[in-house]
Structures are given as C-alpha cells and as structure tokens.
Amino acid sequence: MATNIQSTRLDFNNIKARLKTYLVSKPEFTDYDFEASGINNILDVLAYNTHFNGLTANFALNESFLNTSQLRSSVVSHAETLGYTPRSISSSVAYTTLSLNLSSVANRPSTISLPRYTSFTSTVADVSYTFRTIANHTATDDGTGIYNFKTAEGSTSIPIYQGTTKTKTFFVGDTTDRQLYVIPDNTIDTKTIVVNVFDSSTSSTFETYTLLDTATSVSAETMYYSIHEAPNTFYEIHFSDGITFGKAPIAGNKISVEYLSTVGPLANGGSTFTPVSTVTVNSVAYTLNVTTVSNSASGADKQSLESIRQNAPISFATQQRLVTADDYKALIIKNYSVVSDAIAWGGQDNIPVDYGKVYVSIKYVDDTAEATKTATQESITTNLVNKLGVMSVTAEYVEPITTFITTKTSFRYNADATGFTTNALSDKIQTVINTYFTSNLKVFGKSFRRSNLLSLIDDVDPGVMNSKIDIELSQRITPILGTSQSHTVAFPVSLAGADDVNLIITSSQFNFDSVLCSIKNKLNSTTLQVVDNANNIKVDNVGSFDASTGIVSLVGLTANSIPGGTFIKIKAVPANQSTITPLRNYVLDNDISTSFVSGLAES
C-alpha cells in the first residue's frame with residue numbers, strides 16, 4: 001500500500017549534497033571545487049530532476065489507491081471500480097399533508113390527481129426556496145367533499161423536495177461510437193432524476209428508464225440507466241450496450257433527463273409551505289390546504305471523500321443484496337442522506353436470541369424530525385428489505401441507546417514550565433476531552449479507551465506532569481409524572497460490585513413526597529432506595545441492579561416533578577473504567593453538564 005513520503009527526504013539541497021559526496025569519493029574529483037565550476041550547474045539540474053521526479057512518483061502512487069488518494073476524481077474512480085457511486089448533493093425534504101375541500105362543489109369527481117412537480121414556497125433565514133412533489137399523487141372523495149392526497153403506498157404524509165426543475169436533452173448518435181451524456185450541473189440531486197427516451201425529436205411517446213441500482217433482475221428488454229460522477233465532478237448517464245443485456249437507445253432517439261437542481265442543506269429548517277400551484281377541478285382552480293408534518297431536513301452536500309473511502313469497500317461486499325449485517329449498514333447509509341450512522345446484527349447475536357430476524361438501529365443527523373425518521377424507517381422496510389432481503393428473514397428496527405460518560409479529571413502541573421493558569425489549563429484539557437468524544441465516539445461500535453485520552457491530556461502542555469480520570473456512566477429515563485412505573489436500564493458493560501464504602505448506582509434529583517430525592521443503592525447491597533438530601537429513606541426498596549449484566553431494574557418509581565428537565569439520569573460505576581465497549585445499538589457520548597476538570601500546581 002502506498003504511503004506518504006516526507007518531502008524532506010527529497011529536499012533539493014540534501015540531494016545535491018549527496019551527489020557531491022558521491023563525486024568527491026572518486027579520485028577524478030579529489031580537491032575539486034564544485035561551487036566555482038561549471039559542474040555545479042549540472043548538479044543543480046540533477047538535483048532538481050531527482051526532487052521533482054521523486055515527488056511526482058510519490059503523488060502518482062498515492063493516487064493509485066483508495067486509502068491514500070487525495071483528489072476527488074481519484075477517490076471516485078476507485079470507488080466506482082468497486083461498484084459504488086458517491087452520493088450527489090441532496091435536496092432538503094419536508095413532509096406535509098395535502099388536501100382539498102370541495103364540499104360545496106357540484107358534480108365533483110370521485111378522484112383527483114396531483115401532478116408531479118406541484119410547487120410550494122418556504123422561507124429559511126429570510127431566503128425563499130421552492131419545494132416540489134416528485135411523484136403523482138391521488139385523492140379520493142371521502143363522501144363529504146374532502147380529498148386527502150396519498151402516496152402510492154397509501155400514506156397521507158407527502159414528501160416535497162426543495163429544488164428547481166431542469167431538463168437536459170440529448171440526441172443519440174451513431175451507436176457504434178461511445179455515447180457520452182454529461183449533465184453539466186453540480187447542483188443536481190441524482191435521486192430525483194427521471195429519464196425518458198423518445199423515438200425521435202418530434203415524437204410524443206416515450207419509454208421511461210429506471211436506475212440500475214434499483215433493479216432486481218435484468219433481461220434483454222429491461223430499460224435501465226446508470227449514473228456516474230465524472231472526473232470534472234459532473235454526472236454522466238450510461239445505458240446498456242443493447243447487446244449483452246438490457247435495452248439501449250438507438251440512433252435518432254431523443255433522451256430527456258429531468259431532475260431537481262438544489263441548494264442542499266441551505267433549505268433545511270423550512271416550517272411553513274405555501275402552495276404556488278393550484279389544482280383544477282371542473283375547469284376551476286382550487287388552492288391546496290397544506291399542513292406541515294415535519295420541517296424540511298435531510299438536505300446535504302455531496303458525499304465527502306472520507307465517507308466514500310469508508311463506505312465504498314463495504315458497499316462492494318454487499319453486491320446489492322441484504323444478507324449480512326454489514327450489507328444492511330452499507331445500503332442504508334448509501335441511500336439515505338438523513339442517516340449519519342447505522343448498525344445491524346442478526347437475531348443469533350441478539351439478547352435474547354431471536355432467529356430469523358435482523359435488527360437495525362439508525363443514528364440520524366442532528367435536528368431530524370420524528371416524521372422524517374418514521375418515513376425513513378418505512379422506506380427502508382419497503383424499498384430495501386422487502387426487495388433485497390432474504391425472504392425468510394424479517395427486519396426489526398431498534399432505537400439507539402445513548403450511554404453518557406461523565407469524566408472526572410484531575411491533573412498536576414509544573415507552574416514554572418507553563419505560562420497558563422490552572423483555569424486556562426483546565427479549559428484546554430476539557431476541550432481536548434470534548435474533541436476526543438467528537439472524533440472517536442458518538443457512533444455505533446466505537447469504544448472509549450481511557451489510556452488514549454490520558455495521553456492526549458498529558459500532551460496538552462509541557463507543564464502537565466500527570467493526569468487521572470474517573471468515569472461514571474449514565475442513561476436517561478423519562479417517567480410519567482405522578483405515576484408509579486417500572487423501568488429497566490441496561491448498561492452496555494458490567495458494573496462494579498456493591499461494597500460497604502462506594503455507591504455504585506445513583507441518580508439525578510426528582511421530587512417525591514414533596515421533597516427532593518434521588519436513587520442510591522444500599523451499601524454492600526444491590527437493593528435500590530429513594531432517599532432525600534439528608535439521606536433519609538423515603539422508599540426502602542425501589543428495585544435492584546445486576547452488576548454482571550449491567551441491568552438496573554426500577555419497580556414502582558414515582559416522580560412528581562423533575563427540576564429543570566423531563567428525564568432522570570440513572571448513574572452507574574463500571575467494573576472496568578479503562579475500556580468501555582458498546583454492543584449492538586449502544587452509542588457512547590460525553591455528558592458535558594456533569595464532567596469537570598480540576599488541577600493542582602506544583603512548583
């Protein structure tokens with residue numbers, strides 16, 4: 001595998017010096033003054049030539065591999081050899097309910113169609129954006145003149161996409177030559193492309209081609225196209241050769257490519273959508289009634305180089321089918337820009353074991369609306385699992401569980417070896433801790449390693465002599481206030497055993513019986529109690545914990561109110577503080593609100 005060469009090894013002066021050393025060792029050049037001779041110019045040329053050739057060879061070798069490529073064109077090319085097409089810029093999508101009230105209209109039709117590209121406007125940060133439907137929708141009279149439009153799957157939640165409709169037209173030439181159909185638009189959302197092929201430039205009849213990625217079988221008459229990112233970052237439409245498999249356009253055909261040109265993430269956050277288009281019924285134009293189900297979201301820039309680098313090999317392994325757990329992860333991340341991370345595991349790895357199922361958990365990008373999450377989960381089940389999954393295996397969605405880590409950091413430093421105060425060093429260390437969590441955790445399958453974090457802290461400043469971190473885990477429960485409930489909190493690791501000195505299970509405060517209380521375990525016991533701030537027992541037994549499994553069981557817990565929030569933190573001390581490795585749908589994050597850093601100066 002190619003590696004980066006330090007350019008100092010190819011430094012011009014070093015190369016020239018080595019050439020001189022070599023020549024001086026020859027008897028012909030003993031006592032030769034290289035600086036005052038014509039050969040000095042020759043050495044300059046040789047050194048420059050070696051320097052640039054070395055760098056060029058290194059750059060070229062780096063671009064030959066997916067892991068070391070720096071140019072987007074190289075990364076995309078390597079990804080496509082693995083059958084992976086990087087995601088284009090993505091339109092922001094809002095979900096709405098659309099209806100018409102024609103209760104006072106005589107002779108109204110039984111059904112009404114809403115055409116593709118029906119448009120709406122919304123304002124985000126004082127900028128107006130246009131949103132459109134990208135499919136036809138129909139509505140049926142409910143008997144009172146109310147028409148609620150539905151998707152092809154029967155949902156009343158209609159997606160509308162931000163973008164401007166554009167059309168690029170091509171004419172098919174001599175098919176013995178390679179035909180290139182390049183769309184010169186970097187703002188194209190490739191998911192919205194519709195490809196129609198007409199018999200000629202004047203023909204009104206056409207055939208619609210479908211994206212090859214969605215095909216489950218291909219025959220000689222299958223009409224499909226594929227799309228690829230070109231080296232100039234534009235996109236190319238490719239068709240079958242019409243010989244090996246699939247139907248291809250022939251000379252004289254007209255190809256029409258319709259798509260949405262979008263601004264990507266800039267249109268996220270739209271909440272009110274005003275219809276621009278009207279619906280004509282009996283020659284009268286009516287305005288749609290629009291209700292926002294979820295604000296616009298999911299708009300994203302083109303897929304980044306690092307994301308392509310990570311996902312292309314996984315996608316290659318899936319081969320456009322859902323068999324292994326990694327197949328599910330790869331195809332979900334590839335097809336849904338609103339998904340920031342995903343994980344899947346078979347029923348044989350679940351607790352309890354559940355054969356014949358695959359479990360999927362998804363972590364969404366920040367601020368994703370609940371309606372968008374629901375629509376994404378339904379789409380995964382309908383468009384992916386049902387079409388590409390194994391027939392005998394069913395998929396079940398599981399919510400991700402965030403386990404928060406509180407870091408209690410202390411350090412000693414030499415005041416004479418640094419120009420920073422204790423508070424300034426503490427702030428720098430807390431920043432390093434936050435960066436560590438952002439860079440290394442907050443996604444599925446990533447472990448917390450205390451030794452790695454301590455090394456980063458010790459390198460913060462030359463004055464830092466040593467550091468120590470104690471950690472505490474917490475998860476959150478949201479009780480129904482004033483109601484006695486049972487809760488089960490499962491930590492992803494085993495917990496410390498009960499002793500007669502340390503509390504293993506504690507909680508944040510809540511109001512019970514008109515006083516502030518919290519949960520604590522009895523010393524040297526796994527039994528949990530509700531106690532007030534003076535440590536008076538309010539409920540002697542409210543559950544227990546199992547140190548080996550990490551499960552905390554709460555029975556009959558009543559919270560009348562929660563100061564400053566809606567949830568109660570259940571805190572636990574892990575048995576092994578050095579490494580926290582989450583399983584399945586667990587994600588590790590840092591609890592900034594309770595973490596702290598303290599320092600002590602030594603002269």
# chains A, B, ... in the order shown; residues from 1 in each chain; ligands from 1
$ residues_around --residues "Ser240 in chain A" --least-positions-apart "2" --cutoff "12 Å" --atoms "only C-alpha atoms" --output "PyMOL selection string"
chain A and resi 175+178-179+209-212+218-227+237-238+242-250
$ write_last_selection --atoms "N, CA and C atoms" --output "tab-separated table (two decimals), in the first residue's frame"
chain	number	residue	atom	x	y	z
A	175	THR	N	-24.43	4.64	-32.71
A	175	THR	CA	-24.20	3.81	-31.53
A	175	THR	C	-22.95	2.95	-31.63
A	178	ARG	N	-18.88	5.42	-28.82
A	178	ARG	CA	-19.28	5.53	-27.42
A	178	ARG	C	-20.06	6.83	-27.22
A	179	GLN	N	-21.25	6.72	-26.63
A	179	GLN	CA	-22.10	7.87	-26.41
A	179	GLN	C	-21.94	8.37	-24.98
A	209	TYR	N	-36.88	4.95	-18.41
A	209	TYR	CA	-35.81	4.05	-17.96
A	209	TYR	C	-35.64	4.19	-16.45
A	210	THR	N	-35.30	3.09	-15.81
A	210	THR	CA	-35.14	3.09	-14.36
A	210	THR	C	-33.66	2.94	-13.99
A	211	LEU	N	-33.34	3.34	-12.77
A	211	LEU	CA	-31.96	3.29	-12.28
A	211	LEU	C	-31.55	1.85	-12.05
A	212	LEU	N	-30.38	1.48	-12.54
A	212	LEU	CA	-29.91	0.10	-12.43
A	212	LEU	C	-29.79	-0.34	-10.98
A	218	VAL	N	-32.48	-8.29	-14.58
A	218	VAL	CA	-32.25	-7.58	-15.84
A	218	VAL	C	-32.37	-8.59	-16.97
A	219	SER	N	-33.21	-8.25	-17.97
A	219	SER	CA	-33.38	-9.10	-19.14
A	219	SER	C	-33.03	-8.30	-20.38
A	220	ALA	N	-33.21	-8.91	-21.54
A	220	ALA	CA	-32.87	-8.25	-22.79
A	220	ALA	C	-33.74	-7.02	-23.04
A	221	GLU	N	-34.92	-6.99	-22.44
A	221	GLU	CA	-35.83	-5.87	-22.66
A	221	GLU	C	-35.87	-4.88	-21.49
A	222	THR	N	-35.05	-5.11	-20.50
A	222	THR	CA	-35.03	-4.21	-19.34
A	222	THR	C	-34.49	-2.85	-19.76
A	223	MET	N	-35.20	-1.81	-19.40
A	223	MET	CA	-34.77	-0.45	-19.73
A	223	MET	C	-34.19	0.20	-18.46
A	224	TYR	N	-32.90	0.32	-18.43
A	224	TYR	CA	-32.26	0.88	-17.25
A	224	TYR	C	-31.16	1.85	-17.66
A	225	TYR	N	-30.78	2.68	-16.72
A	225	TYR	CA	-29.63	3.57	-16.90
A	225	TYR	C	-28.82	3.53	-15.62
A	226	SER	N	-27.59	3.93	-15.71
A	226	SER	CA	-26.75	4.09	-14.52
A	226	SER	C	-26.16	5.49	-14.56
A	227	ILE	N	-25.77	5.99	-13.41
A	227	ILE	CA	-25.23	7.34	-13.33
A	227	ILE	C	-23.89	7.29	-12.62
A	237	ILE	N	-24.76	9.98	-17.65
A	237	ILE	CA	-25.78	8.94	-17.77
A	237	ILE	C	-25.26	7.87	-18.72
A	238	HIS	N	-25.30	6.62	-18.28
A	238	HIS	CA	-24.88	5.49	-19.12
A	238	HIS	C	-26.06	4.54	-19.33
A	242	GLY	N	-27.03	-2.74	-25.28
A	242	GLY	CA	-28.09	-3.32	-26.09
A	242	GLY	C	-27.75	-4.65	-26.69
A	243	ILE	N	-26.60	-5.19	-26.31
A	243	ILE	CA	-26.17	-6.47	-26.89
A	243	ILE	C	-26.10	-7.55	-25.81
A	244	THR	N	-25.32	-7.27	-24.77
A	244	THR	CA	-25.14	-8.27	-23.71
A	244	THR	C	-26.40	-8.43	-22.87
A	245	PHE	N	-26.96	-7.34	-22.40
A	245	PHE	CA	-28.23	-7.40	-21.67
A	245	PHE	C	-28.78	-5.99	-21.58
A	246	GLY	N	-30.09	-5.89	-21.45
A	246	GLY	CA	-30.73	-4.60	-21.32
A	246	GLY	C	-30.99	-3.94	-22.67
A	247	LYS	N	-31.99	-3.08	-22.70
A	247	LYS	CA	-32.37	-2.37	-23.91
A	247	LYS	C	-31.70	-1.00	-23.93
A	248	ALA	N	-31.14	-0.62	-25.07
A	248	ALA	CA	-30.42	0.64	-25.17
A	248	ALA	C	-31.09	1.56	-26.19
A	249	PRO	N	-30.99	2.88	-26.00
A	249	PRO	CA	-31.49	3.80	-27.02
A	249	PRO	C	-30.75	3.59	-28.33
A	250	ILE	N	-31.42	3.85	-29.43
A	250	ILE	CA	-30.81	3.67	-30.75
A	250	ILE	C	-30.63	5.03	-31.41
$ select_by_dssp --residues "range 363-417 of chain A" --states "strand (DSSP E or B)" --output "VMD selection string"
chain A and resid 363 to 364 389 394 to 397 401 to 414
$ residues_around --residues "Phe596 in chain A" --least-positions-apart "3" --cutoff "9 Å" --atoms "only C-alpha atoms" --output "list in words"
Thr406, Thr407, Lys408, Thr409, Ser410, Ser426, Gln430, Ile592 and Ser593 of chain A
$ closest_residue --among "A:Ser122, A:Ser525, A:Thr478, A:Asn107" --to "Val276 in chain A" --atoms "only C-alpha atoms"
A:Ser122
$ residues_around --residues "Phe34 in chain A" --least-positions-apart "5" --cutoff "8 Å" --atoms "only C-alpha atoms" --output "PyMOL selection string"
chain A and resi 20+39-40
$ atom_distance --atom1 "CA of Lys150 in chain A" --atom2 "CA of Ile112 in chain A"
10.7 Å
$ residues_around --residues "range 330-339 of chain A" --least-positions-apart "3" --cutoff "6 Å" --atoms "only C-alpha atoms" --output "MDAnalysis selection string"
chainID A and resid 298 314:315 327 364:365
$ write_last_selection --atoms "C-alpha atoms" --output "short mmCIF file (atom, residue, chain, number, x, y, z; two decimals), in the first residue's frame"
data_model
loop_
_atom_site.label_atom_id
_atom_site.label_comp_id
_atom_site.auth_asym_id
_atom_site.auth_seq_id
_atom_site.Cartn_x
_atom_site.Cartn_y
_atom_site.Cartn_z
CA SER A 298 -32.02 15.89 5.05
CA ILE A 314 -18.46 -2.13 2.44
CA SER A 315 -20.86 -1.44 -0.43
CA ASP A 327 -24.96 -5.29 3.91
CA TYR A 364 -29.84 10.34 12.35
CA VAL A 365 -28.24 13.67 11.61
#
$ residues_around --residues "range 488-496 of chain A" --least-positions-apart "4" --cutoff "6 Å" --atoms "only C-alpha atoms" --output "JSON, numbers by chain"
{"A": [547, 548, 549, 550, 551, 552, 553, 573, 574, 575, 582]}
$ residues_around --residues "Val127 in chain A" --least-positions-apart "6" --cutoff "12 Å" --atoms "only C-alpha atoms" --output "list in words"
Thr121, Val263, Leu266, Ala267, Asn268, Gly269 and Gly270 of chain A
$ write_last_selection --atoms "C-alpha atoms" --output "CSV table (one decimal), in the first residue's frame"
chain,number,residue,atom,x,y,z
A,121,THR,CA,-42.6,28.0,-1.3
A,263,VAL,CA,-29.1,24.1,-2.7
A,266,LEU,CA,-29.3,25.6,3.0
A,267,ALA,CA,-33.0,24.8,2.7
A,268,ASN,CA,-33.2,22.7,5.9
A,269,GLY,CA,-35.5,24.1,8.6
A,270,GLY,CA,-38.5,25.3,6.5
$ closest_residue --among "A:Phe420, A:Leu453, A:Val358, A:Ala415" --to "Ser392 in chain A" --atoms "only C-alpha atoms"
A:Val358
$ atom_distance --atom1 "CA of Ile158 in chain A" --atom2 "CA of Thr381 in chain A"
17.6 Å
$ closest_residue --among "A:Asn49, A:Ser113, A:Asn14, A:Ser294" --to "Ala94 in chain A" --atoms "only C-alpha atoms"
A:Ser294
$ atom_distance --atom1 "CA of Leu100 in chain A" --atom2 "CA of Gly163 in chain A"
24.2 Å
$ closest_residue --among "A:Lys166, A:His487, A:Arg476, A:Lys520" --to "Ile568 in chain A" --atoms "only C-alpha atoms"
A:Arg476
$ closest_residue --among "A:Ala375, A:Asp326, A:Thr56, A:Thr291" --to "Thr151 in chain A" --atoms "only C-alpha atoms"
A:Ala375
$ closest_residue --among "A:Ser73, A:Val172, A:Tyr436, A:Phe59" --to "Phe239 in chain A" --atoms "only C-alpha atoms"
A:Val172
